[in-house]
Every structure is written in structure tokens, then in C-alpha cells.
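Engineer: run_19.cif is reproduced in full below (mmCIF, C-alpha atoms).
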```
data_input
#
loop_
_atom_site.label_atom_id
_atom_site.label_comp_id
_atom_site.auth_asym_id
_atom_site.auth_seq_id
_atom_site.Cartn_x
_atom_site.Cartn_y
_atom_site.Cartn_z
CA MET A 18 29.33 16.48 -68.47
CA GLU A 19 26.97 17.27 -65.60
CA GLN A 20 23.70 18.96 -66.55
CA ASN A 21 22.51 21.98 -64.57
CA TRP A 22 18.79 22.67 -64.18
CA ILE A 23 16.52 25.63 -63.53
CA ASP A 24 13.90 25.13 -60.81
CA ILE A 25 10.77 27.11 -61.74
CA ALA A 26 8.69 27.29 -58.55
CA LEU A 27 5.09 28.50 -58.67
CA LYS A 28 3.22 29.14 -55.42
CA VAL A 29 -0.59 28.89 -55.60
CA ALA A 30 -3.39 28.73 -53.05
CA LEU A 31 -4.23 25.26 -51.78
CA ALA A 32 -7.74 25.58 -53.26
CA ASP A 33 -6.24 26.14 -56.75
CA ALA A 34 -3.58 23.45 -56.49
CA GLU A 35 -5.28 20.67 -58.43
CA GLN A 36 -6.18 22.89 -61.41
CA ALA A 37 -2.71 24.48 -61.40
CA GLU A 38 -1.05 21.05 -61.41
CA LEU A 39 -3.07 20.04 -64.48
CA ILE A 40 -2.17 23.23 -66.34
CA ILE A 41 1.53 23.01 -65.51
CA GLY A 42 1.61 19.31 -66.34
CA GLU A 43 0.15 20.01 -69.79
CA CYS A 44 2.81 22.63 -70.50
CA THR A 45 5.83 20.40 -70.07
CA ALA A 46 7.19 17.02 -70.96
CA TYR A 47 9.07 16.94 -67.66
CA GLY A 48 7.71 15.75 -64.33
CA ILE A 49 6.71 18.16 -61.59
CA TYR A 50 7.38 18.14 -57.86
CA ILE A 51 4.77 19.50 -55.44
CA GLU A 52 5.44 20.94 -51.99
CA ASP A 53 2.20 20.49 -50.07
CA TYR A 54 2.44 20.72 -46.28
CA SER A 55 -1.30 20.84 -45.58
CA ARG A 56 -1.19 17.28 -44.15
CA LEU A 57 2.43 17.28 -43.01
CA GLU A 58 2.06 15.35 -39.73
CA GLU A 59 -0.29 12.69 -41.13
CA GLU A 60 1.74 12.08 -44.27
CA THR A 61 5.01 11.90 -42.32
CA LEU A 62 3.62 8.92 -40.42
CA GLU A 63 2.07 7.35 -43.54
CA ILE A 64 5.10 7.68 -45.80
CA ALA A 65 8.20 7.94 -43.65
CA HIS A 66 6.79 6.13 -40.59
CA ILE A 67 8.30 8.63 -38.21
CA ASP A 68 6.75 11.54 -36.39
CA LEU A 69 9.90 13.53 -35.81
CA ILE A 70 9.64 16.60 -38.02
CA ASP A 71 12.19 19.36 -38.39
CA LYS A 72 11.03 22.72 -37.03
CA ASP A 73 11.73 24.39 -40.39
CA LEU A 74 9.22 22.03 -41.99
CA LEU A 75 6.64 22.66 -39.27
CA ARG A 76 6.84 26.39 -40.10
CA LYS A 77 5.94 25.83 -43.76
CA GLU A 78 2.72 27.41 -45.03
CA ARG A 79 -0.31 25.10 -44.88
CA ASP A 80 -2.75 27.10 -47.06
CA CYS A 81 -0.73 27.05 -50.28
CA VAL A 82 1.37 24.68 -52.37
CA VAL A 83 4.55 25.20 -54.37
CA ILE A 84 4.76 23.40 -57.72
CA HIS A 85 8.30 22.86 -58.99
CA LEU A 86 9.19 22.29 -62.64
CA TYR A 87 12.78 21.48 -63.58
CA ILE A 88 14.06 22.58 -67.00
CA ALA A 89 17.57 22.03 -68.37
CA GLU A 90 19.51 25.30 -68.64
CA ASN A 91 20.02 24.79 -72.39
CA GLU A 92 16.28 24.35 -73.13
CA ASN A 93 15.08 27.94 -72.71
CA PRO A 94 13.50 27.78 -69.24
CA GLN A 95 12.50 31.48 -69.36
CA GLU A 96 10.18 30.84 -72.30
CA CYS A 97 8.56 28.01 -70.36
CA ALA A 98 8.18 30.20 -67.26
CA THR A 99 6.44 32.91 -69.30
CA LEU A 100 4.05 30.40 -70.88
CA LEU A 101 3.14 28.94 -67.51
CA GLY A 102 2.43 32.38 -66.09
CA GLU A 103 0.13 33.24 -68.99
CA ARG A 104 -1.79 29.96 -68.70
CA LEU A 105 -2.34 30.40 -64.97
CA LYS A 106 -3.52 34.01 -65.44
CA CYS A 107 -6.00 32.90 -68.11
CA ALA A 108 -7.40 30.35 -65.67
CA GLY A 109 -7.82 33.03 -63.01
CA ILE A 110 -5.27 31.45 -60.71
CA GLY A 111 -3.16 33.79 -58.60
CA PHE A 112 0.47 32.81 -58.22
CA SER A 113 3.99 33.93 -57.41
CA GLN A 114 7.02 32.61 -59.28
CA THR A 115 10.70 32.16 -58.44
CA GLN A 116 13.61 30.55 -60.27
CA SER A 117 16.84 29.01 -59.05
CA SER A 118 19.69 26.96 -60.48
CA ILE A 119 20.37 23.40 -59.28
CA LYS A 120 23.46 21.32 -59.91
CA GLN A 121 23.10 17.67 -60.80
CA GLU A 122 24.92 16.46 -57.69
CA ASP A 123 22.47 18.29 -55.39
CA TRP A 124 19.46 16.13 -56.35
CA ALA A 125 20.06 13.15 -54.09
CA ASN A 126 21.07 14.95 -50.93
CA ASN A 127 19.06 18.17 -50.59
CA TRP A 128 16.46 16.55 -48.30
CA LYS A 129 19.11 15.66 -45.74
CA GLN A 130 19.41 19.27 -44.59
CA TYR A 131 16.33 18.73 -42.41
CA PHE A 132 17.71 15.77 -40.43
CA HIS A 133 20.13 16.54 -37.59
CA GLN A 134 21.28 14.75 -34.45
CA HIS A 135 19.13 15.45 -31.39
CA LYS A 136 19.26 14.58 -27.69
CA PHE A 137 16.35 12.87 -25.98
CA GLY A 138 15.91 12.44 -22.25
CA GLU A 139 19.05 11.99 -20.18
CA LYS A 140 20.76 9.16 -22.06
CA LEU A 141 19.85 9.03 -25.76
CA LEU A 142 20.96 10.75 -28.95
CA ILE A 143 19.36 10.23 -32.38
CA CYS A 144 21.72 10.74 -35.31
CA PRO A 145 21.30 10.53 -39.11
CA SER A 146 22.92 7.38 -40.45
CA TRP A 147 25.13 9.33 -42.89
CA GLU A 148 26.76 11.36 -40.12
CA GLU A 149 29.01 10.54 -37.19
CA ALA A 150 27.57 11.49 -33.82
CA LYS A 151 29.40 14.39 -32.17
CA ASN A 152 29.51 15.69 -28.59
CA THR A 153 27.48 12.71 -27.38
CA GLU A 154 28.22 13.33 -23.67
CA GLY A 155 28.31 9.56 -23.23
CA ARG A 156 24.78 9.11 -24.57
CA ALA A 157 23.63 5.97 -26.38
CA VAL A 158 23.44 6.75 -30.11
CA LEU A 159 20.62 5.52 -32.36
CA TYR A 160 21.40 5.87 -36.06
CA LEU A 161 18.27 6.48 -38.10
CA GLU A 162 17.39 7.15 -41.72
CA PRO A 163 13.74 8.21 -42.10
CA GLY A 164 13.84 8.45 -45.91
CA MET A 165 13.74 11.25 -48.45
CA ALA A 166 11.43 14.27 -48.10
CA PHE A 167 10.96 14.05 -44.33
CA GLY A 168 13.46 15.06 -41.67
CA THR A 169 13.58 14.70 -37.95
CA GLY A 170 13.51 17.11 -35.03
CA THR A 171 11.54 17.43 -31.84
CA HIS A 172 7.94 16.36 -32.33
CA PRO A 173 6.30 16.58 -28.87
CA THR A 174 4.62 13.13 -28.92
CA THR A 175 7.82 11.19 -29.53
CA CYS A 176 9.83 13.40 -27.19
CA LEU A 177 7.28 12.75 -24.47
CA CYS A 178 7.20 9.01 -24.99
CA MET A 179 10.98 8.65 -25.06
CA GLU A 180 11.51 10.84 -22.01
CA VAL A 181 8.72 9.21 -20.01
CA MET A 182 9.72 5.61 -20.74
CA GLU A 183 13.45 6.11 -20.05
CA PRO A 184 13.34 5.69 -16.23
CA PHE A 185 11.48 2.38 -16.55
CA ILE A 186 14.11 0.70 -18.73
CA ASN A 187 16.68 -1.66 -17.24
CA SER A 188 18.33 -4.98 -18.03
CA GLN A 189 15.11 -6.85 -17.16
CA THR A 190 12.84 -4.83 -19.43
CA ARG A 191 10.83 -6.75 -21.99
CA LEU A 192 9.18 -4.07 -24.10
CA LEU A 193 6.19 -4.09 -26.44
CA ASP A 194 5.83 -1.12 -28.82
CA VAL A 195 2.31 -0.91 -30.28
CA GLY A 196 2.20 1.14 -33.48
CA CYS A 197 5.98 1.01 -33.78
CA GLY A 198 6.36 3.01 -37.01
CA SER A 199 10.09 3.34 -37.69
CA GLY A 200 10.92 1.30 -34.60
CA ILE A 201 12.41 4.32 -32.86
CA LEU A 202 10.95 3.55 -29.41
CA ALA A 203 11.78 -0.16 -29.43
CA LEU A 204 15.33 0.46 -30.65
CA SER A 205 15.83 3.32 -28.20
CA ALA A 206 14.80 0.98 -25.38
CA MET A 207 17.40 -1.54 -26.50
CA LEU A 208 20.12 1.11 -26.54
CA LEU A 209 19.07 2.11 -23.03
CA GLY A 210 19.65 -1.45 -21.83
CA ALA A 211 16.38 -3.35 -22.32
CA GLN A 212 16.50 -7.15 -22.47
CA SER A 213 14.26 -7.44 -25.54
CA ALA A 214 11.74 -5.52 -27.63
CA ILE A 215 8.85 -6.38 -29.92
CA GLY A 216 7.28 -3.79 -32.20
CA VAL A 217 4.05 -4.18 -34.12
CA ASP A 218 2.46 -1.97 -36.77
CA ILE A 219 -0.48 -2.41 -39.14
CA ASP A 220 1.51 -0.87 -42.01
CA GLU A 221 3.78 -3.25 -43.92
CA LYS A 222 6.03 -0.37 -44.99
CA ALA A 223 6.46 0.73 -41.39
CA VAL A 224 7.60 -2.76 -40.39
CA LYS A 225 10.07 -2.81 -43.30
CA THR A 226 11.47 0.54 -42.16
CA ALA A 227 11.75 -0.67 -38.58
CA LEU A 228 13.62 -3.82 -39.64
CA GLU A 229 16.05 -1.74 -41.69
CA ASN A 230 16.67 0.57 -38.74
CA ALA A 231 17.23 -2.45 -36.48
CA GLU A 232 19.83 -3.83 -38.88
CA ARG A 233 21.46 -0.41 -39.14
CA ASN A 234 21.96 -0.46 -35.36
CA ASP A 235 23.06 -4.13 -35.20
CA TYR A 236 19.87 -5.56 -33.68
CA SER A 237 18.08 -8.66 -34.92
CA ALA A 238 15.60 -11.35 -33.83
CA PRO A 239 14.98 -12.79 -31.34
CA GLN A 240 16.33 -9.89 -29.28
CA VAL A 241 14.39 -7.36 -31.39
CA THR A 242 11.36 -8.36 -33.47
CA PHE A 243 9.00 -6.32 -35.64
CA LEU A 244 5.64 -7.73 -36.75
CA GLN A 245 2.85 -6.59 -39.04
CA GLY A 246 -0.55 -6.68 -37.37
CA ASP A 247 -3.47 -4.64 -36.06
CA LEU A 248 -2.68 -3.51 -32.52
CA THR A 249 -2.12 -6.72 -30.49
CA GLU A 250 -3.58 -9.33 -32.85
CA LYS A 251 -0.16 -10.89 -33.55
CA ILE A 252 1.14 -10.54 -29.99
CA SER A 253 1.47 -13.29 -27.39
CA GLY A 254 3.10 -13.46 -23.98
CA SER A 255 3.45 -10.73 -21.38
CA PHE A 256 5.62 -7.65 -20.94
CA ASN A 257 6.76 -5.43 -18.11
CA LEU A 258 6.81 -2.24 -20.24
CA ILE A 259 4.40 -1.40 -23.05
CA VAL A 260 4.58 1.84 -25.05
CA ALA A 261 2.11 3.24 -27.57
CA ASN A 262 2.73 6.55 -29.31
CA ILE A 263 -0.51 6.68 -31.31
CA VAL A 264 -3.67 8.78 -31.50
CA ALA A 265 -6.35 8.93 -28.81
CA ASP A 266 -9.00 6.95 -30.71
CA VAL A 267 -6.60 4.05 -31.20
CA ILE A 268 -5.48 4.19 -27.56
CA VAL A 269 -9.13 3.79 -26.56
CA LEU A 270 -9.32 0.63 -28.68
CA LEU A 271 -6.00 -0.62 -27.33
CA CYS A 272 -7.20 -0.31 -23.73
CA LYS A 273 -9.89 -2.96 -24.31
CA ASP A 274 -7.41 -5.84 -24.17
CA ILE A 275 -3.94 -4.46 -23.42
CA THR A 276 -4.03 -5.51 -19.75
CA ARG A 277 -3.81 -9.20 -20.66
CA PHE A 278 -0.31 -8.53 -22.02
CA MET A 279 0.78 -6.66 -18.88
CA GLU A 280 2.57 -8.41 -16.06
CA ALA A 281 1.36 -7.63 -12.54
CA ASP A 282 3.88 -4.82 -12.02
CA ALA A 283 4.05 -3.66 -15.67
CA HIS A 284 3.90 -0.05 -16.78
CA LEU A 285 2.00 1.22 -19.82
CA VAL A 286 3.17 4.47 -21.41
CA VAL A 287 0.81 6.09 -23.90
CA SER A 288 1.42 9.28 -25.88
CA GLY A 289 0.07 11.08 -28.94
CA ILE A 290 -3.00 12.44 -27.12
CA ILE A 291 -4.18 16.00 -27.63
CA LYS A 292 -5.56 17.79 -24.56
CA GLU A 293 -9.06 17.85 -26.04
CA SER A 294 -9.12 14.02 -25.97
CA GLU A 295 -8.06 13.67 -22.33
CA ALA A 296 -11.53 12.89 -21.00
CA GLN A 297 -12.05 10.26 -23.69
CA VAL A 298 -8.86 8.35 -22.88
CA ARG A 299 -9.31 8.66 -19.12
CA GLU A 300 -12.72 7.03 -19.45
CA ALA A 301 -11.09 4.17 -21.40
CA PHE A 302 -8.42 3.82 -18.69
CA GLU A 303 -11.10 3.54 -16.01
CA THR A 304 -13.09 0.95 -17.97
CA ALA A 305 -9.94 -1.13 -18.47
CA ARG A 306 -9.06 -0.80 -14.76
CA LEU A 307 -5.85 1.06 -15.53
CA ALA A 308 -4.59 3.44 -12.86
CA VAL A 309 -2.88 6.70 -13.89
CA LEU A 310 0.46 7.07 -12.11
CA GLU A 311 1.73 10.14 -13.97
CA ARG A 312 0.44 12.70 -16.47
CA TYR A 313 2.85 14.68 -18.65
CA GLU A 314 2.19 17.56 -21.04
CA LYS A 315 4.30 19.07 -23.81
CA GLU A 316 3.09 21.72 -26.28
CA GLY A 317 -0.53 20.63 -26.01
CA TRP A 318 0.22 16.89 -26.21
CA LEU A 319 -0.25 14.47 -23.31
CA ALA A 320 1.42 11.28 -22.15
CA PHE A 321 0.35 8.97 -19.32
CA VAL A 322 2.05 6.27 -17.26
CA LEU A 323 -0.40 3.58 -16.15
CA THR A 324 -0.48 0.33 -14.20
CA LYS A 325 -3.12 -2.32 -13.66
CA LYS A 326 -5.39 -1.68 -10.66
#
```
Rewrite the coordinates I just gave you, this time as C-alpha cells.

Structural biologist:
Amino acid sequence: MEQNWIDIALKVALADAEQAELIIGECTAYGIYIEDYSRLEEETLEIAHIDLIDKDLLRKERDCVVIHLYIAENENPQECATLLGERLKCAGIGFSQTQSSIKQEDWANNWKQYFHQHKFGEKLLICPSWEEAKNTEGRAVLYLEPGMAFGTGTHPTTCLCMEVMEPFINSQTRLLDVGCGSGILALSAMLLGAQSAIGVDIDEKAVKTALENAERNDYSAPQVTFLQGDLTEKISGSFNLIVANIVADVIVLLCKDITRFMEADAHLVVSGIIKESEAQVREAFETARLAVLERYEKEGWLAFVLTKK
């Protein structure tokens, strides 16, 4: 017989979160689940290795957390809810409380509501691996599974990078993706007709995720390779298209030696740069003798197309 559960959700200020977690943890033998979106973008990259975040998640409150406690319906959840409220009041912690019922079969799949198919550029469609792509308009379809707790949507940095790199991809393209994360850019390039792609990331978990996504879309070495390493330390050879969807500080470091991996007519596409860092990265471009061909902007984020001078 399936067991139904009551979700007791207590919202507290971010400043009170740690103390509230301790109090709630002491009041129950069950585990707790914490909704904390104060570092949503950073933790998406660290945990799920993807920077595509559903707009509903981006609208979540950043100055509070919601602590969830799950109690079986037959174990008097109302008594537990009352006790928790009293303990938080005694500690001087303000809170609001809601309750809802959850069926056993909902546990594994609730997170998937945030991940939907989405069109990028003129030719590509990203689709969750558990769905069948619909109304593709002849687009190439990349099936992706970012993992539980994080969805996908239209994060400006990835949108920019995918849209900007698309016109440069053809059957002769040999692509290097620096800071590959889930492998989304490298695999998208392959679907758009690239000859080969290499992705590199410093995070072992990111590389594992990228390899799984490659297998999911029927790509394997030597056509598509993912390596663990710091920027270009594990890279050899030269490429005619290099992409890097990373932060400005890392792009500055990358510029110091990226030109030695660029063929004479290669293009470098960099994204993930906030407008406030534009002067910093432009200085790095100039020092590296990289010429800016195009500058793109989307919702306060910048992308550049560069070539060697």
C-alpha cells in the first residue's frame, strides 16, 4: 500500500535559516529538505553543471528559505507542526507555515516540471530526455537531462553563446569548448554539423555529466571527447572554433594562452560576461592580440566574437 505524506513547509528569513534548521532537525526523526535560492546561479553550475534555469526558479525569493519536513499522514503531522511553531517562536524566529499532501509516486518526478523543450538560434532545440520533441520545425534536437532539483530555460549566457556560435559551424568545424559543464555547447555544435568537438572542465562531475549527455545523443570518442583539466592544460592541437561560456575573471586568464590553440582563421566566442566587466575583458583581448569582430548583449550579459590580429 502506498504511503501518503504531509509536507510541512516553514518559510524563514535567510538570516535565521541556520538556527531554524537546527531547531526543526531536533524536533523530528525524519530528514528535512531546504529550498534556498540565494545562490541559485552559482549552485546550478556547481551541482547540475548547466546554466539553463527555468524562469519560475529565477523568480524565487532570494532573502528567505523554505524548510520542508515530510510526515506520514498516520503519524499526527498536525501535532508536529504545532510543536515546530512553538519552538521557532520561543527562539524569536519569524515564520510562515503551509501544509500539503504528497503521494508516494510524486517524489521522483516533481522536479521535472521545470525542464521543458526550448528553441535556440535558428536550428537547434533542447529537449528533456524523458520527453519526445514536438513541433521541431526541422531543428536538430539535443536530448538533455540536467539532474534533479535544477531545470532548464533561457539563461542569457548560454542563449548568447549558442546563438552567436551557430553561424560559424559547418562540416569542417573542429570545436574546443573550455569550461564545458554539461557539454551542451560541444554537443550542440555536433548536432549543427561540426566535424568534431572537445570539451574540457576542471570539475570531474561536470565531465561525467557531459559524457552521459554525449552517450544519450549517440556521440562518443574520438568524434566527441570530454576531458578533466584546468582551462587548456590538457589540450593539444589547434581548432578553428573555440567557445567559452565562463565568467569574466576566467576569460581573462584564458586569453593569456588561448591563441596558441587557434588556427590562423579561427574564431573565439566568449560569453558569461556582465557589462560591468567589459573593460576588464577588452584589456585582456588587447594584450592577447585578439581583435573583436562582434559584440552581443542580452539582459545585461555580453558575448564577443574574436579573431587573432

Engineer: Please determine, counting only C-alpha atoms, which residue among A:Val217, A:Ala296, A:Leu319, A:Val241 has the shortest atom-to-atom distance to Val264 (chain A).

Structural biologist: A:Leu319

Engineer: Step by step, work through what the PyMOL selection byres ((chain A and resi 118) around 8) selects in the shown file, and finish by giving those residues as an NGL selection string.

Structural biologist: :A and (21-24 or 116-117 or 119-120)

Engineer: Can you tell me, as a VMD selection string, what residues are no more than 6 Å from Asn262 (chain A) when counting all atoms listed in the file, ignoring any on the same chain fewer than 2 positions away?

Structural biologist: chain A and resid 287 to 289

Engineer: Step by step, work through what the PyMOL selection byres ((chain A and resi 232) around 12) selects in the shown file, and finish by giving those residues as a list in words.

Structural biologist: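 Selected by the PyMOL selection byres ((chain A and resi 232) around 12) in this file: Ser146, Leu159, Tyr160, Leu161, Glu162, Gly200, Leu204, Lys225, Thr226, Ala227, Leu228, Glu229, Asn230, Ala231, Arg233, Asn234, Asp235, Tyr236, Ser237, Ala238, Gln240, Val241, Thr242 and Phe243 of chain A.
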
Engineer: Determine, counting all atoms listed in the file, which protein, DNA and RNA residues have an atom within 12 Å of an atom of Glu103 (chain A); residues of the same chain fewer than 6 positions away are not included. Present the result as a ChimeraX atom specification.

Structural biologist: /A:37,40-41,44,96-97,109-112,114

Engineer: When you draw a straight line from CA of Met207 (chain A) to CA of Gly317 (chain A), how long is it in Å?

Structural biologist: 28.5 Å

Engineer: I need the residue set behind the PyMOL selection byres ((chain A and resi 267-269) around 9) for this file; please write it as a VMD selection string.

Structural biologist: chain A and resid 248 261 to 266 270 to 273 287 to 290 297 to 302

Engineer: Keeping only C-alpha atoms, take the residues you just selected and write them out as a PDB file, keeping the file's coordinate frame.

Structural biologist:
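Saved result, part17.pdb, follows:
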```pdb
ATOM      1  CA  LEU A 248      -2.680  -3.510 -32.520  1.00  0.00           C
ATOM      2  CA  ALA A 261       2.110   3.240 -27.570  1.00  0.00           C
ATOM      3  CA  ASN A 262       2.730   6.550 -29.310  1.00  0.00           C
ATOM      4  CA  ILE A 263      -0.510   6.680 -31.310  1.00  0.00           C
ATOM      5  CA  VAL A 264      -3.670   8.780 -31.500  1.00  0.00           C
ATOM      6  CA  ALA A 265      -6.350   8.930 -28.810  1.00  0.00           C
ATOM      7  CA  ASP A 266      -9.000   6.950 -30.710  1.00  0.00           C
ATOM      8  CA  LEU A 270      -9.320   0.630 -28.680  1.00  0.00           C
ATOM      9  CA  LEU A 271      -6.000  -0.620 -27.330  1.00  0.00           C
ATOM     10  CA  CYS A 272      -7.200  -0.310 -23.730  1.00  0.00           C
ATOM     11  CA  LYS A 273      -9.890  -2.960 -24.310  1.00  0.00           C
ATOM     12  CA  VAL A 287       0.810   6.090 -23.900  1.00  0.00           C
ATOM     13  CA  SER A 288       1.420   9.280 -25.880  1.00  0.00           C
ATOM     14  CA  GLY A 289       0.070  11.080 -28.940  1.00  0.00           C
ATOM     15  CA  ILE A 290      -3.000  12.440 -27.120  1.00  0.00           C
ATOM     16  CA  GLN A 297     -12.050  10.260 -23.690  1.00  0.00           C
ATOM     17  CA  VAL A 298      -8.860   8.350 -22.880  1.00  0.00           C
ATOM     18  CA  ARG A 299      -9.310   8.660 -19.120  1.00  0.00           C
ATOM     19  CA  GLU A 300     -12.720   7.030 -19.450  1.00  0.00           C
ATOM     20  CA  ALA A 301     -11.090   4.170 -21.400  1.00  0.00           C
ATOM     21  CA  PHE A 302      -8.420   3.820 -18.690  1.00  0.00           C
TER      22      PHE A 302
END
```

Engineer: Any idea what's packed within 12 Å of Arg156 (chain A), counting all atoms listed in the file, ignoring anything in its chain fewer than 3 positions away? Could you give it as a PyMOL selection string?

Structural biologist: chain A and resi 134-144+150-153+159+205+208-209

Engineer: When you draw a straight line from CA of Ile201 (chain A) to CA of Lys326 (chain A), how long is it in Å?

Structural biologist: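 Atom-to-atom, CA of Ile201 (chain A) and CA of Lys326 (chain A) are spaced 29.1 Å apart.
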
Engineer: Enumerate, as a ChimeraX atom specification, the protein, DNA and RNA residues whose atoms approach (11.0, -7.1, -18.5) to within 12 Å, taking into account all atoms listed in the file and the coordinate frame of the file.

Structural biologist: /A:185-193,206-207,210-215,254-259,278-284

Engineer: What is the CA of Leu307 (chain A)-CA of Glu295 (chain A) distance in Å, reported with one decimal?

Structural biologist: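 Result for CA of Leu307 (chain A) versus CA of Glu295 (chain A): 14.5 Å, one decimal.
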
Engineer: So, counting all atoms listed in the file, which residue among A:Val29, A:Val260, A:Val83, A:Val181 is closest to Lys315 (chain A)?

Structural biologist: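 Looking only at the distances to Lys315 (chain A), the closest residue turns out to be A:Val181.
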
Engineer: Rank nothing, just name the residue among A:Tyr87, A:Ile49, A:Thr99, A:Asp80 nearest to Leu31 (chain A), using all atoms listed in the file.

Structural biologist: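 Using all atoms listed in the file, the shortest distance to Leu31 (chain A) belongs to A:Asp80.
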
Engineer: Kindly provide, as number ranges by chain, the polymer residues lying within 7 Å of (-2.7, 15.5, -16.7), counting only C-alpha atoms and using the coordinates exactly as they appear in the file.

Structural biologist: A: 312-314

Engineer: Can you tell me, as a PDB file with C-alpha atoms, in the coordinates of the input, what residues are no more than 8 Å from Leu202 (chain A) when counting all atoms listed in the file, ignoring any on the same chain fewer than 6 positions away?

Structural biologist:
```
ATOM      1  CA  CYS A 178       7.200   9.010 -24.990  1.00  0.00           C
ATOM      2  CA  MET A 179      10.980   8.650 -25.060  1.00  0.00           C
ATOM      3  CA  ASP A 194       5.830  -1.120 -28.820  1.00  0.00           C
ATOM      4  CA  VAL A 260       4.580   1.840 -25.050  1.00  0.00           C
TER       5      VAL A 260
END
```
